[in-house]
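Undergrad: Quick one: the structure is below, questions incoming.
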Amino acid sequence: MHGVQIIDLIVLPAAEAESWLQRWRADYLPGALGRGMVAERLWRTWTGPDTVAVRILWSLPDSGAFFTARVASAGDVQVAEFWAHTDEFALNRDRQVLEPIGLTEGETS
């Protein structure tokens with residue numbers, strides 16, 4: 001695995017999950033793709049009787065591409081509006097940015 005992977009975790013009330021996903025697809029995803037992010041996987045996990053966690057795995061070719069995308073999103077009003085709307089009802093959200101450093105031959109099985 002090469003490049004940079006990003007894992008977004010958004011915990012939502014279950015009743016809000018489908019409408020949030022629709023808005024993510026319409027309002028956030030096109031801009032993210034335009035910034036060079038690739039949506040690799042999308043998961044929904046039930047975290048309780050009334051809560052859902054949405055996990056999004058993104059990839060970018062390298063750390064330079066990540067920082068370029070980050071700068072571009074900082075100046076995008078639509079990105080700010082999308083996350084402000086999300087924060088009105090999301091129970092939690094987190095982003096992890098991961099860059100593989102590799103394992104040596106003896107560290108893998």
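Labeling convention for the structure tokens: chains A, B, ... as they appear, residues from 1 per chain, ligands from 1 in order of appearance.
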For Leu12 in chain A, work out the shell of residues within 10 Å, counting only C-alpha atoms and skipping chain neighbours fewer than 5 positions away, then give it as a PyMOL selection string.

TA: chain A and resi 17-18+20+46-47+50-54+86-87+89-93

Undergrad: Considering only C-alpha atoms, return as a ChimeraX atom specification whatever protein or nucleic-acid residues lie within 8 Å of range 63-76 of chain A, sequence-local ones (same chain, fewer than 3 positions apart) excluded.

TA: /A:3-4,32,35-37,60,79-80,99

Undergrad: Measuring between only C-alpha atoms, which one of A:Gly31, A:Pro13, A:Gly48, A:Pro100 shows the shortest distance to Asp62 in chain A?

TA: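 Of A:Gly31, A:Pro13, A:Gly48, A:Pro100, the one nearest Asp62 in chain A, counting only C-alpha atoms, is A:Pro100.
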
Undergrad: How many Å separate CA of Ile56 in chain A from CA of Asp8 in chain A?

TA: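 Interatomic distance, CA of Ile56 in chain A to CA of Asp8 in chain A: 5.1 Å.
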
Undergrad: Of the residues A:Val97, A:Trp83, A:Ile6, A:Trp43, which is the one nearest to Arg55 in chain A, using only C-alpha atoms?

TA: A:Trp43

Undergrad: Which of chain A counts as strand (DSSP E) under DSSP, as JSON, numbers by chain please?

TA: {"A": [4, 5, 6, 7, 8, 9, 10, 11, 12, 13, 38, 39, 40, 41, 42, 43, 44, 45, 46, 47, 48, 51, 52, 53, 54, 55, 56, 57, 58, 59, 60, 92, 93, 94, 95, 96, 97, 98]}

Undergrad: Would you compute the distance between CA of Pro30 in chain A and CA of Leu57 in chain A? Give it in Å to one decimal.

TA: 15.3 Å

Undergrad: Determine the nearest neighbour of Val11 in chain A from the options A:Glu81, A:Arg95, A:Arg25, A:Ala39, counting only C-alpha atoms.

TA: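 Ranking A:Glu81, A:Arg95, A:Arg25, A:Ala39 by distance to Val11 in chain A, first place goes to A:Arg95.
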
Undergrad: CA of Trp58 in chain A to CA of Gln78 in chain A: how many Å, to one decimal?

TA: 19.0 Å

Undergrad: Please identify which residues in chain A DSSP calls alpha helix (DSSP H) from the backbone, and express them as a count of residues only.

TA: 39

Undergrad: Name the closest residue to Ala15 in chain A among the candidates A:Pro61, A:Pro49, A:Gly34, A:Gly102; distances are taken between atoms, counting only C-alpha atoms.

TA: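 Answer, going by the shortest atom-to-atom distance: A:Pro49.
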